[in-house]
file model-v3.txt (compact mmCIF, C-alpha atoms)
# COMPACT_ATOMS: atom_id res chain seq x y z
CA MET A 1303 33.42 -4.60 -15.73
CA LYS A 1304 31.48 -5.08 -12.55
CA LYS A 1305 30.99 -8.73 -11.65
CA THR A 1306 28.10 -10.39 -9.89
CA GLU A 1307 28.65 -12.96 -7.12
CA GLN A 1308 28.03 -15.75 -9.57
CA SER A 1309 29.91 -15.00 -12.76
CA ARG A 1310 27.84 -14.69 -15.87
CA ARG A 1311 30.24 -17.05 -17.60
CA LYS A 1312 29.63 -19.77 -15.03
CA PHE A 1313 25.88 -19.33 -15.34
CA LEU A 1314 25.94 -19.35 -19.11
CA SER A 1315 28.24 -22.38 -19.29
CA THR A 1316 25.39 -24.45 -17.93
CA MET A 1317 23.21 -23.58 -20.90
CA ALA A 1318 23.22 -25.67 -24.06
CA LEU A 1319 24.19 -23.04 -26.62
CA GLY A 1320 25.56 -22.92 -30.10
CA ALA A 1321 28.88 -21.38 -31.01
CA ALA A 1322 29.39 -18.02 -29.33
CA GLY A 1323 31.79 -15.29 -30.31
CA SER A 1324 32.47 -11.61 -29.89
CA PHE A 1325 30.51 -9.12 -31.92
CA GLY A 1326 30.63 -5.38 -32.32
CA ALA A 1327 28.14 -2.79 -31.19
CA GLY A 1328 28.11 -1.36 -34.68
CA SER A 1329 24.88 0.58 -35.14
CA LEU A 1330 23.61 0.07 -31.60
CA LEU A 1331 22.42 3.65 -31.27
CA ALA A 1332 21.46 4.23 -34.87
CA GLY A 1333 18.24 6.12 -35.22
CA CYS A 1334 18.38 7.50 -31.67
CA ALA A 1335 20.86 10.36 -31.88
CA GLY A 1336 19.39 13.81 -31.61
CA THR A 1337 15.92 12.78 -30.54
CA ASN A 1338 14.11 11.68 -27.42
CA ALA A 1339 11.68 9.56 -29.43
CA VAL A 1340 12.08 5.80 -29.05
CA SER A 1341 11.14 3.80 -32.12
CA LEU A 1342 10.04 0.39 -30.97
CA PRO A 1343 9.88 -2.85 -32.94
CA SER A 1344 6.63 -3.42 -34.80
CA SER A 1345 5.58 -5.95 -32.16
CA TYR A 1346 4.96 -3.07 -29.76
CA GLN A 1347 3.58 0.33 -30.53
CA ASP A 1348 5.55 3.58 -30.66
CA LEU A 1349 5.59 5.76 -27.57
CA SER A 1350 6.05 9.48 -27.23
CA MET A 1351 8.61 9.21 -24.39
CA ARG A 1352 7.84 12.80 -23.50
CA LYS A 1353 8.77 13.94 -20.00
CA GLN A 1354 5.30 15.41 -19.67
CA ALA A 1355 2.06 14.99 -21.55
CA PRO A 1356 1.01 17.88 -23.80
CA ASP A 1357 -1.40 20.53 -22.59
CA GLY A 1358 -5.06 20.20 -23.37
CA PRO A 1359 -8.54 20.36 -21.90
CA VAL A 1360 -8.87 19.26 -18.29
CA LEU A 1361 -8.90 15.50 -17.80
CA ARG A 1362 -10.70 14.39 -14.65
CA ALA A 1363 -9.72 11.07 -13.08
CA GLY A 1364 -11.34 8.87 -10.47
CA VAL A 1365 -9.49 6.29 -8.40
CA ILE A 1366 -10.94 2.87 -7.57
CA GLY A 1367 -8.92 1.24 -4.80
CA CYS A 1368 -7.31 3.63 -2.32
CA GLY A 1369 -4.43 1.56 -1.01
CA GLY A 1370 -0.80 2.51 -1.42
CA ARG A 1371 -0.72 1.84 -5.15
CA GLY A 1372 -4.00 3.63 -5.84
CA THR A 1373 -2.82 6.65 -3.87
CA GLY A 1374 0.52 6.58 -5.65
CA ALA A 1375 -1.12 6.26 -9.06
CA ALA A 1376 -3.33 9.27 -8.33
CA ILE A 1377 -0.23 11.37 -7.59
CA ASN A 1378 1.57 9.96 -10.64
CA PHE A 1379 -1.41 10.94 -12.80
CA VAL A 1380 -1.44 14.60 -11.78
CA ASP A 1381 2.37 14.76 -12.08
CA ALA A 1382 2.23 13.59 -15.70
CA GLY A 1383 1.21 16.92 -17.26
CA PRO A 1384 -0.94 20.06 -17.06
CA ASN A 1385 -4.69 20.29 -16.47
CA LEU A 1386 -5.06 16.94 -14.74
CA GLU A 1387 -7.35 16.47 -11.76
CA ILE A 1388 -8.30 13.76 -9.27
CA VAL A 1389 -11.99 14.33 -8.59
CA ALA A 1390 -13.33 11.04 -7.18
CA LEU A 1391 -12.16 8.28 -4.85
CA GLY A 1392 -13.61 4.87 -4.12
CA ASP A 1393 -12.71 2.06 -1.73
CA ILE A 1394 -14.59 -0.67 0.10
CA PHE A 1395 -13.41 0.66 3.47
CA PRO A 1396 -14.03 4.24 4.73
CA ASP A 1397 -10.81 4.33 6.76
CA GLN A 1398 -8.72 3.33 3.76
CA LEU A 1399 -10.36 5.96 1.61
CA GLN A 1400 -9.68 8.66 4.20
CA LYS A 1401 -5.99 7.71 4.40
CA SER A 1402 -5.70 8.10 0.65
CA ARG A 1403 -7.65 11.34 0.63
CA ASP A 1404 -5.36 12.80 3.29
CA ALA A 1405 -2.21 11.60 1.53
CA ILE A 1406 -3.22 13.11 -1.82
CA LYS A 1407 -4.04 16.42 -0.16
CA LEU A 1408 -0.72 16.43 1.70
CA ALA A 1409 1.30 15.50 -1.39
CA ARG A 1410 -0.34 17.73 -4.00
CA GLY A 1411 -2.86 19.96 -2.22
CA ILE A 1412 -5.78 18.21 -3.91
CA GLU A 1413 -9.04 18.08 -1.98
CA VAL A 1414 -11.59 15.55 -3.18
CA ALA A 1415 -15.12 16.65 -2.31
CA ASP A 1416 -17.15 14.62 0.19
CA GLU A 1417 -19.82 13.95 -2.39
CA ASN A 1418 -17.24 12.28 -4.65
CA CYS A 1419 -15.88 9.86 -2.04
CA PHE A 1420 -17.55 6.45 -2.16
CA THR A 1421 -17.30 3.28 -0.09
CA GLY A 1422 -18.81 -0.22 -0.13
CA PHE A 1423 -18.66 -2.94 -2.77
CA ASP A 1424 -20.39 -0.71 -5.32
CA ASN A 1425 -17.96 2.20 -4.91
CA TYR A 1426 -16.42 1.50 -8.34
CA GLN A 1427 -19.63 2.26 -10.21
CA LYS A 1428 -20.14 5.49 -8.28
CA VAL A 1429 -16.61 6.65 -9.15
CA ILE A 1430 -17.22 5.84 -12.81
CA ASP A 1431 -20.46 7.84 -12.72
CA ALA A 1432 -18.87 10.87 -11.03
CA GLY A 1433 -18.14 12.79 -14.22
CA VAL A 1434 -14.64 11.40 -14.79
CA ASP A 1435 -12.78 10.98 -18.09
CA VAL A 1436 -10.18 8.50 -16.84
CA VAL A 1437 -10.55 5.69 -14.33
CA ILE A 1438 -7.53 4.52 -12.33
CA VAL A 1439 -8.16 0.91 -11.26
CA ALA A 1440 -5.92 -0.16 -8.37
CA THR A 1441 -8.04 -2.57 -6.34
CA PRO A 1442 -6.88 -6.07 -5.39
CA PRO A 1443 -6.46 -7.93 -8.71
CA PHE A 1444 -9.51 -10.17 -8.21
CA PHE A 1445 -11.71 -7.14 -8.89
CA ARG A 1446 -9.84 -5.98 -12.00
CA PRO A 1447 -11.99 -7.56 -14.73
CA GLN A 1448 -15.24 -6.34 -13.14
CA HIS A 1449 -14.01 -2.81 -12.59
CA VAL A 1450 -12.25 -2.34 -15.93
CA LYS A 1451 -15.26 -3.75 -17.76
CA ALA A 1452 -17.55 -1.28 -16.01
CA ALA A 1453 -15.25 1.61 -16.92
CA ILE A 1454 -14.99 0.64 -20.59
CA ASP A 1455 -18.76 0.00 -20.78
CA ALA A 1456 -19.22 3.56 -19.51
CA GLY A 1457 -16.91 5.01 -22.17
CA LYS A 1458 -13.94 5.87 -19.92
CA HIS A 1459 -10.22 5.64 -20.58
CA VAL A 1460 -8.43 3.35 -18.11
CA PHE A 1461 -5.19 3.02 -16.24
CA GLN A 1462 -5.17 -0.52 -14.83
CA GLU A 1463 -2.74 -1.84 -12.30
CA LYS A 1464 -1.16 -5.24 -12.77
CA PRO A 1465 -2.11 -8.05 -13.00
CA ILE A 1466 -5.32 -7.88 -15.00
CA ALA A 1467 -6.87 -11.05 -13.50
CA VAL A 1468 -6.20 -13.85 -11.02
CA ASP A 1469 -7.65 -16.75 -13.01
CA PRO A 1470 -8.37 -17.95 -16.58
CA TYR A 1471 -12.00 -16.87 -16.28
CA GLY A 1472 -11.02 -13.28 -15.53
CA ALA A 1473 -8.46 -13.24 -18.35
CA ARG A 1474 -11.17 -14.19 -20.85
CA ILE A 1475 -13.34 -11.32 -19.61
CA MET A 1476 -10.40 -9.01 -20.17
CA ASP A 1477 -10.03 -10.27 -23.75
CA GLU A 1478 -13.56 -9.07 -24.44
CA VAL A 1479 -13.10 -5.79 -22.56
CA THR A 1480 -9.88 -5.02 -24.42
CA ALA A 1481 -11.53 -5.65 -27.78
CA LYS A 1482 -14.42 -3.34 -26.86
CA ALA A 1483 -11.99 -0.62 -25.79
CA LYS A 1484 -10.30 -0.79 -29.19
CA GLU A 1485 -13.63 -0.65 -31.00
CA ASN A 1486 -14.58 2.48 -29.06
CA ASN A 1487 -11.15 4.17 -29.21
CA LEU A 1488 -10.79 4.04 -25.42
CA CYS A 1489 -7.17 3.96 -24.28
CA ILE A 1490 -5.85 1.46 -21.72
CA VAL A 1491 -2.41 1.58 -20.11
CA SER A 1492 -1.24 -1.03 -17.59
CA GLY A 1493 1.06 -0.79 -14.59
CA THR A 1494 3.87 -3.24 -15.34
CA ILE A 1495 6.17 -0.18 -15.91
CA ARG A 1496 9.16 -1.67 -17.78
CA ARG A 1497 7.66 -1.15 -21.24
CA TYR A 1498 7.52 2.56 -20.37
CA GLN A 1499 11.07 2.80 -19.02
CA LYS A 1500 13.52 4.20 -21.54
CA ASP A 1501 16.57 2.14 -20.60
CA TYR A 1502 14.52 -1.07 -20.78
CA ILE A 1503 13.00 0.01 -24.10
CA GLU A 1504 16.37 0.81 -25.65
CA THR A 1505 17.88 -2.49 -24.43
CA HIS A 1506 14.94 -4.36 -25.93
CA ARG A 1507 15.49 -2.58 -29.23
CA GLN A 1508 19.12 -3.67 -29.38
CA VAL A 1509 18.07 -7.29 -28.89
CA ALA A 1510 15.24 -6.97 -31.44
CA ASN A 1511 17.83 -5.64 -33.90
CA GLY A 1512 19.80 -8.88 -33.51
CA GLU A 1513 22.70 -7.64 -31.40
CA ILE A 1514 22.80 -10.86 -29.33
CA GLY A 1515 21.55 -13.04 -32.15
CA GLU A 1516 18.35 -15.03 -31.94
CA VAL A 1517 16.75 -15.16 -28.49
CA ILE A 1518 16.87 -18.78 -27.30
CA GLY A 1519 15.93 -18.51 -23.63
CA ALA A 1520 16.03 -16.50 -20.43
CA HIS A 1521 16.75 -16.72 -16.71
CA ILE A 1522 14.38 -14.57 -14.65
CA ILE A 1523 14.66 -14.18 -10.85
CA ARG A 1524 12.99 -12.00 -8.24
CA ASN A 1525 13.88 -12.78 -4.62
CA GLY A 1526 12.86 -10.59 -1.70
CA GLY A 1527 11.74 -10.62 1.88
CA ALA A 1528 8.42 -11.70 3.32
CA LEU A 1529 5.28 -9.86 2.27
CA TRP A 1530 3.32 -7.55 4.55
CA TRP A 1531 0.35 -9.10 6.32
CA ILE A 1532 -2.54 -7.92 8.48
CA GLU A 1533 -3.44 -9.55 11.79
CA ARG A 1534 -7.15 -10.26 12.04
CA LYS A 1535 -9.25 -8.18 14.44
CA PRO A 1536 -12.05 -9.90 16.37
CA GLU A 1537 -14.74 -7.69 14.85
CA TRP A 1538 -13.81 -8.49 11.25
CA SER A 1539 -15.82 -11.00 9.26
CA ASP A 1540 -14.08 -13.53 7.01
CA MET A 1541 -14.64 -11.28 4.01
CA GLU A 1542 -13.33 -8.12 5.64
CA TYR A 1543 -10.27 -9.91 6.97
CA MET A 1544 -9.38 -11.38 3.59
CA ILE A 1545 -9.84 -8.15 1.65
CA ARG A 1546 -7.80 -6.12 4.14
CA ASN A 1547 -5.17 -8.88 3.99
CA TRP A 1548 -5.59 -9.32 0.25
CA GLY A 1549 -1.91 -9.73 -0.60
CA ASN A 1550 -1.86 -13.06 1.23
CA PHE A 1551 -4.90 -14.74 -0.35
CA SER A 1552 -4.68 -16.38 -3.74
CA TRP A 1553 -8.21 -15.51 -4.85
CA LEU A 1554 -7.59 -11.81 -4.26
CA SER A 1555 -3.99 -11.43 -5.43
CA GLY A 1556 -3.33 -14.45 -7.63
CA ASP A 1557 -0.39 -15.34 -5.31
CA HIS A 1558 2.84 -13.40 -5.58
CA ILE A 1559 3.90 -15.13 -8.81
CA VAL A 1560 0.94 -13.36 -10.43
CA GLU A 1561 0.64 -10.17 -8.37
CA MET A 1562 4.31 -9.20 -8.04
CA PHE A 1563 6.45 -11.43 -10.26
CA ILE A 1564 4.39 -10.37 -13.28
CA HIS A 1565 6.82 -7.44 -13.64
CA GLU A 1566 9.58 -9.88 -14.47
CA VAL A 1567 7.31 -12.23 -16.44
CA ASP A 1568 6.25 -9.28 -18.60
CA VAL A 1569 9.88 -8.48 -19.42
CA MET A 1570 10.44 -12.14 -20.32
CA SER A 1571 7.36 -12.23 -22.53
CA TRP A 1572 8.38 -8.98 -24.22
CA TYR A 1573 11.66 -10.52 -25.32
CA VAL A 1574 10.62 -14.10 -26.05
CA GLY A 1575 7.48 -13.06 -27.92
CA SER A 1576 5.57 -16.27 -28.49
CA ASN A 1577 3.29 -18.06 -26.04
CA PRO A 1578 4.85 -20.86 -23.94
CA LEU A 1579 3.57 -24.27 -24.98
CA LYS A 1580 3.72 -25.73 -21.50
CA ALA A 1581 5.03 -25.14 -17.99
CA ILE A 1582 6.15 -27.34 -15.16
CA GLY A 1583 7.40 -26.27 -11.77
CA TYR A 1584 7.12 -26.34 -8.05
CA GLY A 1585 6.71 -24.10 -5.06
CA GLY A 1586 6.01 -24.20 -1.39
CA ARG A 1587 5.68 -22.34 1.87
CA GLN A 1588 8.22 -22.11 4.66
CA GLN A 1589 7.80 -18.78 6.44
CA ARG A 1590 4.52 -17.19 5.42
CA ILE A 1591 2.16 -17.17 8.41
CA SER A 1592 -0.90 -15.52 6.91
CA GLY A 1593 -3.21 -16.42 4.07
CA ASP A 1594 -3.14 -19.46 1.79
CA GLN A 1595 -0.29 -18.75 -0.61
CA PHE A 1596 3.18 -20.10 -1.34
CA ASP A 1597 6.27 -18.06 -0.56
CA GLN A 1598 8.43 -19.56 -3.33
CA PHE A 1599 8.05 -20.69 -6.95
CA SER A 1600 10.38 -22.19 -9.57
CA ILE A 1601 8.92 -22.64 -13.05
CA VAL A 1602 10.27 -23.72 -16.42
CA TYR A 1603 8.35 -22.47 -19.44
CA ASP A 1604 8.85 -24.50 -22.62
CA TYR A 1605 8.41 -22.57 -25.88
CA GLY A 1606 9.28 -25.48 -28.16
CA ASN A 1607 12.28 -26.03 -30.44
CA GLY A 1608 14.58 -26.10 -27.43
CA LYS A 1609 13.66 -22.60 -26.24
CA LYS A 1610 13.07 -22.62 -22.48
CA VAL A 1611 12.87 -20.01 -19.75
CA HIS A 1612 13.50 -20.55 -16.06
CA CYS A 1613 11.62 -18.26 -13.67
CA ALA A 1614 11.94 -18.25 -9.90
CA THR A 1615 10.61 -15.97 -7.18
CA ARG A 1616 10.77 -16.04 -3.41
CA GLN A 1617 9.40 -13.97 -0.51
CA ILE A 1618 11.33 -15.26 2.51
CA ASN A 1619 13.27 -13.29 5.14
CA GLY A 1620 16.90 -13.96 5.92
CA CYS A 1621 17.94 -15.01 2.43
CA ALA A 1622 20.10 -13.56 -0.32
CA ASN A 1623 17.87 -11.30 -2.39
CA GLY A 1624 18.03 -9.71 -5.81
CA ARG A 1625 16.63 -9.60 -9.31
CA SER A 1626 17.94 -10.98 -12.58
CA GLN A 1627 16.46 -10.53 -16.04
CA ILE A 1628 18.95 -12.28 -18.29
CA ILE A 1629 17.95 -12.84 -21.93
CA THR A 1630 20.12 -15.39 -23.75
CA GLY A 1631 20.80 -15.28 -27.47
CA THR A 1632 22.89 -17.25 -29.95
CA LYS A 1633 25.67 -14.61 -29.94
CA GLY A 1634 25.44 -13.13 -26.45
CA TYR A 1635 23.13 -12.18 -23.67
CA ALA A 1636 21.34 -9.13 -22.29
CA ASP A 1637 20.65 -7.79 -18.86
CA ALA A 1638 17.25 -6.28 -19.63
CA SER A 1639 17.93 -3.33 -17.36
CA GLY A 1640 20.49 -1.88 -19.73
CA SER A 1641 23.51 -3.91 -20.92
CA LEU A 1642 24.62 -6.48 -23.51
CA TYR A 1643 27.48 -9.01 -23.29
CA ASN A 1644 29.19 -11.50 -25.54
CA TYR A 1645 30.08 -15.02 -24.42
CA ASN A 1646 33.56 -13.93 -23.45
CA ASP A 1647 31.79 -12.06 -20.67
CA GLU A 1648 32.70 -8.74 -22.27
CA LEU A 1649 30.41 -5.73 -22.08
CA ILE A 1650 29.52 -4.70 -25.63
CA TRP A 1651 26.87 -2.08 -24.97
CA GLU A 1652 25.47 -0.25 -21.99
CA TYR A 1653 22.63 2.22 -21.74
CA PRO A 1654 24.22 5.72 -21.52
CA HIS A 1655 22.60 6.92 -18.31
CA PRO A 1656 23.41 10.63 -18.02
CA GLY A 1657 25.02 12.06 -14.92
CA ASP A 1658 23.10 14.46 -12.71
CA ASP A 1659 25.01 17.41 -14.20
CA ASP A 1660 24.91 16.21 -17.82
CA PRO A 1661 23.40 18.99 -20.00
CA ASP A 1662 22.54 16.45 -22.72
CA ASN A 1663 19.49 14.73 -21.29
CA LYS A 1664 18.22 12.80 -24.30
CA TRP A 1665 18.98 9.59 -22.38
CA PHE A 1666 17.21 10.75 -19.23
CA VAL A 1667 15.01 7.96 -17.81
CA ASN A 1668 11.75 9.36 -16.50
CA ASN A 1669 10.09 7.71 -13.51
CA PRO A 1670 8.20 4.86 -15.23
CA LEU A 1671 5.34 5.18 -12.74
CA ILE A 1672 4.79 8.67 -14.15
CA GLN A 1673 5.73 7.77 -17.74
CA GLU A 1674 2.82 5.32 -17.92
CA HIS A 1675 0.43 8.19 -17.29
CA VAL A 1676 2.33 10.50 -19.66
CA GLU A 1677 1.74 8.00 -22.44
CA LEU A 1678 -1.92 7.50 -21.54
CA ILE A 1679 -2.66 11.23 -21.42
CA THR A 1680 -0.62 11.93 -24.55
CA ALA A 1681 -2.59 9.29 -26.43
CA ILE A 1682 -5.92 10.72 -25.28
CA ARG A 1683 -4.96 14.29 -26.18
CA THR A 1684 -3.24 13.57 -29.51
CA GLY A 1685 -5.38 10.73 -30.82
CA ASN A 1686 -2.33 8.45 -31.08
CA TYR A 1687 -4.28 5.47 -29.72
CA ILE A 1688 -2.70 3.23 -27.09
CA ASN A 1689 -3.91 -0.05 -25.62
CA ASP A 1690 -1.32 -2.34 -24.04
CA SER A 1691 -3.90 -4.62 -22.46
CA PRO A 1692 -3.35 -7.56 -24.88
CA GLU A 1693 0.27 -7.87 -23.76
CA GLN A 1694 -0.71 -7.60 -20.09
CA ILE A 1695 -3.36 -10.28 -20.52
CA LYS A 1696 -0.69 -12.52 -22.03
CA SER A 1697 1.77 -11.87 -19.19
CA THR A 1698 -0.97 -12.49 -16.63
CA ARG A 1699 -1.82 -15.81 -18.28
CA ILE A 1700 1.83 -16.86 -18.25
CA SER A 1701 2.00 -16.06 -14.54
CA ILE A 1702 -1.24 -17.96 -13.83
CA MET A 1703 0.14 -20.88 -15.85
CA GLY A 1704 3.17 -21.05 -13.55
CA ARG A 1705 1.00 -20.91 -10.43
CA MET A 1706 -1.25 -23.68 -11.73
CA ALA A 1707 1.79 -25.86 -12.44
CA ALA A 1708 3.25 -25.29 -8.98
CA TYR A 1709 -0.04 -25.72 -7.10
CA THR A 1710 -0.95 -28.98 -8.84
CA GLY A 1711 2.44 -30.50 -9.62
CA ARG A 1712 1.22 -31.14 -13.16
CA GLU A 1713 2.49 -30.02 -16.53
CA ILE A 1714 0.17 -27.21 -17.64
CA SER A 1715 -0.33 -26.39 -21.33
CA TRP A 1716 -1.07 -22.97 -22.80
CA ASP A 1717 -4.36 -24.32 -24.21
CA GLU A 1718 -5.35 -25.44 -20.72
CA VAL A 1719 -4.86 -21.92 -19.39
CA LEU A 1720 -6.86 -20.46 -22.27
CA ASN A 1721 -9.76 -22.85 -21.86
CA SER A 1722 -9.83 -23.59 -18.13
CA ASP A 1723 -13.05 -22.79 -16.26
CA LEU A 1724 -11.05 -22.06 -13.08
CA ARG A 1725 -12.64 -19.12 -11.31
CA LEU A 1726 -11.26 -18.08 -7.94
CA GLY A 1727 -13.17 -16.36 -5.17
CA PRO A 1728 -16.65 -16.50 -3.65
CA GLU A 1729 -19.64 -16.10 -5.91
CA LYS A 1730 -21.20 -13.44 -3.68
CA LEU A 1731 -19.26 -10.43 -2.46
CA GLU A 1732 -20.63 -9.31 0.88
CA PHE A 1733 -19.37 -8.92 4.42
CA GLY A 1734 -19.84 -12.06 6.48
CA PRO A 1735 -18.54 -15.62 6.59
CA VAL A 1736 -16.87 -17.15 3.54
CA LYS A 1737 -17.48 -20.86 3.16
CA GLU A 1738 -14.31 -22.97 3.14
CA MET A 1739 -12.05 -20.02 3.88
CA SER A 1740 -8.63 -21.48 4.48
CA GLU A 1741 -5.21 -20.24 5.50
CA VAL A 1742 -3.61 -23.51 4.46
CA PRO A 1743 -1.53 -23.50 1.23
CA PRO A 1744 -2.20 -25.94 -1.61
CA VAL A 1745 -0.94 -29.49 -1.24
CA VAL A 1746 0.89 -30.44 -4.42
CA GLY A 1747 -0.48 -33.53 -6.12
CA ARG A 1748 -3.93 -33.20 -4.62
CA ALA A 1749 -6.69 -32.05 -6.97
CA PRO A 1750 -8.29 -29.69 -6.62
CA ALA A 1751 -5.93 -27.63 -4.48
CA PRO A 1752 -7.73 -25.91 -1.60
CA THR A 1753 -7.19 -22.45 -3.05
CA ASP A 1754 -8.46 -23.33 -6.51
CA ARG A 1755 -11.98 -22.19 -5.69
CA TYR A 1756 -14.10 -20.64 -2.97
CA SER A 1757 -17.78 -21.44 -3.07

call {"tool": "encode", "arguments": {"input": "model-v3.txt", "output": "structure tokens"}}
result
Amino acid sequence: MKKTEQSRRKFLSTMALGAAGSFGAGSLLAGCAGTNAVSLPSSYQDLSMRKQAPDGPVLRAGVIGCGGRGTGAAINFVDAGPNLEIVALGDIFPDQLQKSRDAIKLARGIEVADENCFTGFDNYQKVIDAGVDVVIVATPPFFRPQHVKAAIDAGKHVFQEKPIAVDPYGARIMDEVTAKAKENNLCIVSGTIRRYQKDYIETHRQVANGEIGEVIGAHIIRNGGALWWIERKPEWSDMEYMIRNWGNFSWLSGDHIVEMFIHEVDVMSWYVGSNPLKAIGYGGRQQRISGDQFDQFSIVYDYGNGKKVHCATRQINGCANGRSQIITGTKGYADASGSLYNYNDELIWEYPHPGDDDPDNKWFVNNPLIQEHVELITAIRTGNYINDSPEQIKSTRISIMGRMAAYTGREISWDEVLNSDLRLGPEKLEFGPVKEMSEVPPVVGRAPAPTDRYS
């Protein structure tokens, strides 16, 4: 068995656990043989897990937010099945839109007509009104509630990138939008990917079936290098600079615990299930030279009855990097990416990834960035309704909860996150100066933190 630098046994010995013993795989793959379908626990809806969506009438999509992820999502959409088109693009900045337009044409030969390319702060509404069936929302997260709401109000299906908000105010808007989408049979799929990745799904099923006993906690890590940043040009206003440099400003991205670490938080939430009762943690900034965010967080989420989860994330160069999604149970533990162990450190199950030349491909793992769109399109064309937004709202709230705890130094309760009136960002979106714009990170223990609100 391949070992990590820090042995799993050493890590687990620090946890207060009940008696742990070996257990057999038994019926680990029961119900899976001979089919590509993945039957999920009742807490999450069934997926088709098709490699491609079924054929059907043409579905026309428009993209709001033409950065790297928006461009990638457009290509993922057309790769997901037949009769799929990208017919409209929108971005605040003309140069960014043109980069995306050129990239999509180069990658897939798709030419988006001049009359369907829109810029400015109102570009989202023009894309929605351009005769599209599906709206791909990939703007900086601050804009997500506004743009998804407009799409659902207009009767469009939605693919929304993660996270779905940057603050409690936006999350409450998304509660209402999600409910309206359900009422009107409008599908929503979100971009946290793991819930659409077959090896992750199958590992989750083994845990849900009790193969490591009752889940009692988790240890979730994502460490990487410093984030990209944009140097300000003299001709840019405050607003233009911040939006072009959006990944470094808390009001636009939610900070990296919300914008990036939500992938890992969503896996944690998927396994643990309930809402955390409270969170306490810390963070700080050592290397980041742009924006107003932290570059490190360490949070403990308390779920009550002794169930706790430790989450940590870092974006600092020159450090040991890696990811860990370890789910601890009463009889063993899981690496959420595809393996189960007992407390003798013995591998008891591993996802059977097929080799490149394996003719039996029922365990093939499709690119999850494409699989998300396969599931969305399949749902639209078959009537098998899908809306994962409630789970993404929950994961976003958990991430925001951790940021609030780290920024303030206080213990933050789940009820506080639900009911907080915290609303990040300026009230008016227009090019020009932004009052109290700061590139200084929050000072722990001072309330309110400087990035809590822009007025």

call {"tool": "residues_around", "arguments": {"input": "model-v3.txt", "residues": "Asn1619 (chain A)", "least_positions_apart": "2", "cutoff": "9 Å", "atoms": "all atoms listed in the file", "output": "MDAnalysis selection string"}}
result
chainID A and resid 1526:1528 1589 1617 1621:1622

call {"tool": "write_last_selection", "arguments": {"input": "model-v3.txt", "atoms": "C-alpha atoms", "output": "CSV table (one decimal), in the frame of the given file"}}
result
chain,number,residue,atom,x,y,z
A,1526,GLY,CA,12.9,-10.6,-1.7
A,1527,GLY,CA,11.7,-10.6,1.9
A,1528,ALA,CA,8.4,-11.7,3.3
A,1589,GLN,CA,7.8,-18.8,6.4
A,1617,GLN,CA,9.4,-14.0,-0.5
A,1621,CYS,CA,17.9,-15.0,2.4
A,1622,ALA,CA,20.1,-13.6,-0.3

call {"tool": "residues_around", "arguments": {"input": "model-v3.txt", "residues": "Ala1363 (chain A)", "least_positions_apart": "5", "cutoff": "7 Å", "atoms": "only C-alpha atoms", "output": "list of chain:residue names"}}
result
A:Glu1387, A:Ile1388, A:Val1389, A:Ala1390, A:Val1434, A:Asp1435, A:Val1436, A:Val1437, A:Ile1438

call {"tool": "atom_distance", "arguments": {"input": "model-v3.txt", "atom1": "CA of Lys1609 (chain A)", "atom2": "CA of Asp1557 (chain A)"}}
result
26.2 Å

call {"tool": "closest_residue", "arguments": {"input": "model-v3.txt", "among": "A:Lys1407, A:Arg1497, A:Lys1464, A:Arg1474", "to": "Leu1724 (chain A)", "atoms": "all atoms listed in the file"}}
result
A:Arg1474

call {"tool": "residues_around", "arguments": {"input": "model-v3.txt", "residues": "Glu1652 (chain A)", "least_positions_apart": "2", "cutoff": "12 Å", "atoms": "only C-alpha atoms", "output": "ChimeraX atom specification"}}
result
/A:1303,1327,1330-1331,1501-1502,1504-1506,1508,1636-1643,1648-1650,1654-1656,1665

call {"tool": "residues_near_point", "arguments": {"input": "model-v3.txt", "point": "(1.8, -25.8, -19.3)", "cutoff": "12 Å", "atoms": "all atoms listed in the file", "output": "PyMOL selection string"}}
result
chain A and resi 1577-1583+1601-1606+1699-1708+1710-1720+1722

call {"tool": "residues_near_point", "arguments": {"input": "model-v3.txt", "point": "(-14.5, -3.8, -13.6)", "cutoff": "10 Å", "atoms": "all atoms listed in the file", "output": "list in words"}}
result
Ile1366, Tyr1426, Gln1427, Val1439, Thr1441, Phe1444, Phe1445, Arg1446, Pro1447, Gln1448, His1449, Val1450, Lys1451, Ala1452, Ala1453, Ile1454, Asp1455, Gln1462, Ile1475, Met1476 and Val1479 of chain A

call {"tool": "atom_distance", "arguments": {"input": "model-v3.txt", "atom1": "CA of Ser1691 (chain A)", "atom2": "CA of Gly1575 (chain A)"}}
result
15.2 Å

call {"tool": "closest_residue", "arguments": {"input": "model-v3.txt", "among": "A:Val1567, A:Leu1671, A:Val1742, A:Val1676", "to": "Gln1588 (chain A)", "atoms": "only C-alpha atoms"}}
result
A:Val1742

call {"tool": "atom_distance", "arguments": {"input": "model-v3.txt", "atom1": "CA of Asp1424 (chain A)", "atom2": "CA of Ala1681 (chain A)"}}
result
29.4 Å
